[in-house]
Every structure is written in C-alpha cells, then in structure tokens.
>>> print(open('input-v2.csv').read())   # CSV, C-alpha atoms
chain,number,residue,atom,x,y,z
A,1,MET,CA,-29.8,32.2,18.0
A,2,GLY,CA,-30.9,28.7,16.9
A,3,ALA,CA,-30.1,29.3,13.2
A,4,MET,CA,-26.6,30.6,14.1
A,5,LYS,CA,-26.0,27.6,16.4
A,6,ARG,CA,-27.1,25.2,13.7
A,7,ALA,CA,-24.8,27.0,11.1
A,8,ALA,CA,-21.8,26.8,13.5
A,9,THR,CA,-22.5,23.2,14.2
A,10,THR,CA,-22.8,22.4,10.5
A,11,LEU,CA,-19.5,24.3,9.8
A,12,ILE,CA,-17.6,22.5,12.6
A,13,SER,CA,-19.0,19.1,11.6
A,14,THR,CA,-18.1,19.7,7.9
A,15,THR,CA,-14.6,20.8,8.9
A,16,VAL,CA,-14.1,17.8,11.1
A,17,LEU,CA,-15.5,15.3,8.6
A,18,ALA,CA,-13.3,16.8,5.8
A,19,ALA,CA,-10.2,16.6,8.0
A,20,CYS,CA,-11.1,12.9,8.9
A,21,ASN,CA,-11.6,12.1,5.2
A,22,HIS,CA,-8.2,13.5,4.2
A,23,ALA,CA,-6.3,12.2,7.3
A,24,VAL,CA,-6.1,8.6,6.0
A,25,PRO,CA,-6.4,8.7,2.2
A,26,VAL,CA,-6.8,5.4,0.3
A,27,PRO,CA,-4.6,5.1,-2.7
A,28,ALA,CA,-6.4,4.9,-6.0
A,29,LEU,CA,-6.8,1.1,-6.5
A,30,ASP,CA,-5.5,1.0,-10.1
A,31,ILE,CA,-2.3,2.9,-9.0
A,32,ALA,CA,-1.9,0.7,-6.0
A,33,GLU,CA,-2.5,-2.5,-8.0
A,34,THR,CA,0.1,-1.6,-10.6
A,35,THR,CA,2.6,-0.8,-7.9
A,36,PHE,CA,2.0,-4.0,-5.9
A,37,ARG,CA,2.2,-6.1,-9.2
A,38,TYR,CA,5.5,-4.4,-10.0
A,39,GLN,CA,6.9,-5.0,-6.6
A,40,ILE,CA,5.8,-8.7,-6.5
A,41,SER,CA,7.2,-9.4,-10.0
A,42,HIS,CA,10.4,-7.3,-9.7
A,43,SER,CA,11.6,-7.6,-6.1
A,44,ASP,CA,14.6,-9.9,-5.7
A,45,ALA,CA,13.2,-11.1,-2.4
A,46,ALA,CA,9.9,-12.2,-3.9
A,47,GLN,CA,11.5,-13.8,-6.9
A,48,ALA,CA,14.0,-15.7,-4.8
A,49,ASN,CA,11.2,-17.0,-2.6
A,50,PRO,CA,8.1,-17.6,-4.8
A,51,ALA,CA,6.3,-19.7,-2.2
A,52,LEU,CA,6.3,-17.0,0.5
A,53,THR,CA,2.9,-15.6,1.5
A,54,ALA,CA,2.6,-12.0,0.3
A,55,CYS,CA,0.8,-9.8,2.8
A,56,LEU,CA,-0.3,-6.4,1.3
A,57,GLY,CA,-0.9,-3.1,3.1
A,58,PHE,CA,-1.5,0.6,2.6
A,59,ASP,CA,0.7,3.1,4.4
A,60,ASN,CA,-0.8,6.5,5.2
A,61,ALA,CA,1.0,9.8,5.8
A,62,ARG,CA,1.4,8.9,9.5
A,63,LEU,CA,3.1,5.5,8.6
A,64,GLU,CA,0.1,3.5,9.8
A,65,THR,CA,-0.6,0.4,7.8
A,66,ARG,CA,-4.0,-1.0,7.0
A,67,ASN,CA,-5.5,-3.6,4.8
A,68,PRO,CA,-6.3,-3.0,1.1
A,69,PRO,CA,-9.9,-3.7,0.1
A,70,PRO,CA,-10.8,-7.4,-0.5
A,71,GLU,CA,-11.3,-6.8,-4.3
A,72,LEU,CA,-7.7,-5.6,-4.6
A,73,ILE,CA,-6.4,-8.7,-2.8
A,74,SER,CA,-8.5,-10.9,-5.1
A,75,ARG,CA,-7.1,-9.2,-8.2
A,76,LEU,CA,-3.5,-9.6,-7.0
A,77,ARG,CA,-3.9,-13.3,-6.4
A,78,TYR,CA,-3.4,-13.7,-10.2
A,79,VAL,CA,0.2,-12.5,-9.6
A,80,ARG,CA,0.8,-14.1,-6.3
A,81,ALA,CA,-1.7,-16.9,-5.3
A,82,SER,CA,-0.8,-16.4,-1.6
A,83,ALA,CA,-1.7,-12.7,-1.5
A,84,LYS,CA,-3.4,-11.7,1.8
A,85,PRO,CA,-4.2,-8.6,3.8
A,86,TRP,CA,-1.2,-7.4,5.8
A,87,THR,CA,-2.9,-8.2,9.1
A,88,GLU,CA,-2.5,-11.8,8.3
A,89,CYS,CA,1.2,-11.5,8.8
A,90,SER,CA,3.1,-10.7,12.0
A,91,TRP,CA,6.7,-10.4,13.3
A,92,LEU,CA,8.2,-13.3,15.1
A,93,SER,CA,11.9,-13.5,16.1
A,94,GLY,CA,13.0,-10.8,13.7
A,95,LYS,CA,11.2,-12.0,10.7
A,96,VAL,CA,7.8,-11.7,9.0
A,97,VAL,CA,5.6,-14.8,9.3
A,98,ASP,CA,2.2,-15.9,8.0
A,99,ARG,CA,-0.1,-15.9,11.1
A,100,LEU,CA,-2.0,-19.0,9.9
A,101,SER,CA,0.9,-21.3,8.9
A,102,GLY,CA,3.7,-19.8,10.9
A,103,GLU,CA,5.9,-19.9,7.8
A,104,GLN,CA,8.1,-17.0,6.7
A,105,ALA,CA,6.2,-14.4,4.7
A,106,ILE,CA,6.9,-11.0,2.9
A,107,ILE,CA,5.0,-7.8,3.4
A,108,PHE,CA,4.5,-5.4,0.5
A,109,THR,CA,3.2,-1.8,1.2
A,110,VAL,CA,2.3,1.2,-0.9
A,111,GLY,CA,1.7,4.7,0.3
A,112,VAL,CA,-0.5,7.5,-0.9
A,113,PRO,CA,0.1,8.5,-4.5
A,114,LYS,CA,1.2,12.0,-5.4
A,115,CYS,CA,0.0,12.9,-8.8
A,116,SER,CA,0.8,15.8,-11.1
A,117,GLY,CA,-2.1,15.6,-13.4
A,118,ASP,CA,-4.3,12.7,-14.7
A,119,SER,CA,-1.4,10.6,-16.1
A,120,SER,CA,1.7,10.9,-13.9
A,121,CYS,CA,2.1,9.8,-10.3
A,122,GLN,CA,4.7,8.7,-7.8
A,123,ILE,CA,4.1,6.4,-4.9
A,124,ASP,CA,6.3,5.1,-2.1
A,125,GLY,CA,6.4,1.4,-1.4
A,126,GLY,CA,8.6,-1.4,-0.3
A,127,TYR,CA,8.8,-4.9,1.3
A,128,GLN,CA,9.8,-6.4,4.6
A,129,LEU,CA,11.1,-10.0,5.1
A,130,GLY,CA,12.5,-9.3,8.5
A,131,ASN,CA,15.0,-7.1,10.4
A,132,LEU,CA,17.6,-7.6,7.7
A,133,GLY,CA,15.5,-7.9,4.6
A,134,SER,CA,13.6,-4.8,3.6
A,135,SER,CA,13.6,-2.0,1.1
A,136,ARG,CA,11.8,1.3,0.5
A,137,GLU,CA,11.4,2.7,-3.0
A,138,THR,CA,9.7,5.4,-4.9
A,139,PHE,CA,7.8,4.3,-7.9
A,140,PHE,CA,7.0,6.6,-10.9
A,141,LEU,CA,3.9,5.7,-12.9
A,142,GLU,CA,2.4,7.0,-16.1
A,143,LYS,CA,-1.0,6.3,-17.5
A,144,ARG,CA,-0.8,5.0,-21.0
A,145,GLY,CA,-4.2,4.4,-22.6
A,146,ALA,CA,-6.3,2.9,-19.9
A,147,GLU,CA,-3.5,1.4,-17.9
A,148,TRP,CA,-1.0,2.6,-15.4
A,149,ILE,CA,2.6,1.4,-15.7
A,150,VAL,CA,5.7,1.8,-13.6
A,151,VAL,CA,8.2,3.7,-15.7
A,152,LYS,CA,11.0,4.0,-13.1
A,153,ASN,CA,11.7,3.1,-9.5
A,154,MET,CA,14.2,4.7,-7.2
A,155,LEU,CA,15.7,2.7,-4.3
A,156,ARG,CA,15.7,4.8,-1.1
A,157,THR,CA,16.8,2.3,1.6
A,158,ILE,CA,17.7,-1.3,1.8
A,159,ALA,CA,18.6,-3.6,4.8
>>> encode(input="input-v2.csv", output="structure tokens")
Amino acid sequence: MGAMKRAATTLISTTVLAACNHAVPVPALDIAETTFRYQISHSDAAQANPALTACLGFDNARLETRNPPPELISRLRYVRASAKPWTECSWLSGKVVDRLSGEQAIIFTVGVPKCSGDSSCQIDGGYQLGNLGSSRETFFLEKRGAEWIVVKNMLRTIA
C-alpha cells in the first residue's frame, strides 16, 4: 500500500509540475530579444518619440504580462537606453507613464514563440502608448547562421 501511494503521489506531483511549467512559458531569449529590437527600431511610435522610456514585457497564453529577465533588459539598453521591465510603467489618464518620472512611456510586449523547426518561428507582439496609441503584430523570424532575424511582420490591430 505504501509503494502504491508513493507512486500515485509521484505521478500526481509530476503531472502538476509539468502543467505548471508549461502554463506560463518564457520565450526563448534570443527570439524575444530579436523581436523587441525590431519593434523598438521599426515602430513609428518609438521612432517619433525617441526619449520615451520603453517598458518591456512577456505575454503568456492567458494574456498575463510579466517582466523579462534582467539580462535581457540589459542587452536591450544598447538599442534603447531607457529600457525597463514592464512593471516600471503604469496607466495614468489613458496613457502609459514611467512610474519613476511620471513622463509618458511606451510598453513593448512579446508573446510565446511558435516554431516549426529549429530555424523558423512566429511570435505575437506590439506596443501601447495609451488608449489611442497601440498595435498588435505577428512577427515571422528565421534563424540565419547563429542569429535570428525578422523577415516579415503582419499588422493585426492598431488604435
């Protein structure tokens, strides 16, 4: 009886842990970094407002946003010196603001990549400036050599 109970407990624990591990997947950092870099350097909103703080977040399948790891934020500061985790921005009077300065900011997000092999992925992402300044896009990436590049993006919504 004790061995069966341990086996059942182990099976249940393994199943629960596996479900938890897959419930909130973290995008591969190189794919996420490439997509953030592309958004920051190609988005009209970011180009028109180069001084805006850029807050970065990962969206999961349940549309919950969380902060990228600190090493990704550090790597993206070469593209946008003001890159911060998304929790350092908030909404105030219909616009995104930097929590520290109170100045307008922009939030960039990426979702979970969907890959069809080792060298082809797509990932959803977008930006938010405020109630009337946002977009959602799907980005198509290919791995060329050791680097991922965005080969196409498709606008899904804009406000």
>>> atom_distance(input="input-v2.csv", atom1="atom CA of A:Ile149", atom2="atom CA of A:Ile107")
21.3 Å
>>> closest_residue(input="input-v2.csv", among="A:Thr65, A:Pro70, A:Phe108, A:Asn60", to="A:Gln39", atoms="only C-alpha atoms")
A:Phe108
>>> residues_around(input="input-v2.csv", residues="A:Pro113", least_positions_apart="2", cutoff="12 Å", atoms="all atoms listed in the file", output="VMD selection string")
chain A and resid 25 to 35 58 to 61 110 to 111 115 to 125 138 to 142
>>> atom_distance(input="input-v2.csv", atom1="atom CA of A:Asp44", atom2="atom CA of A:Gly57")
19.1 Å
>>> atom_distance(input="input-v2.csv", atom1="atom CA of A:Ala46", atom2="atom CA of A:Gly126")
11.5 Å
>>> closest_residue(input="input-v2.csv", among="A:Ala45, A:Ala81, A:Val97, A:Ile40", to="A:Ile158", atoms="all atoms listed in the file")
A:Ala45
>>> closest_residue(input="input-v2.csv", among="A:Gly133, A:Gly145, A:Pro85, A:Pro69", to="A:Thr157", atoms="all atoms listed in the file")
A:Gly133
>>> closest_residue(input="input-v2.csv", among="A:Phe36, A:Arg99, A:Val112, A:Leu155", to="A:Ile73", atoms="all atoms listed in the file")
A:Phe36
>>> residues_near_point(input="input-v2.csv", point="(2.6, -22.2, 9.5)", cutoff="12 Å", atoms="only C-alpha atoms", output="list in words")
Leu52, Thr53, Glu88, Cys89, Ser90, Leu92, Val96, Val97, Asp98, Arg99, Leu100, Ser101, Gly102, Glu103, Gln104 and Ala105 of chain A
>>> residues_around(input="input-v2.csv", residues="A:Tyr127", least_positions_apart="3", cutoff="7 Å", atoms="only C-alpha atoms", output="count of residues only")
7
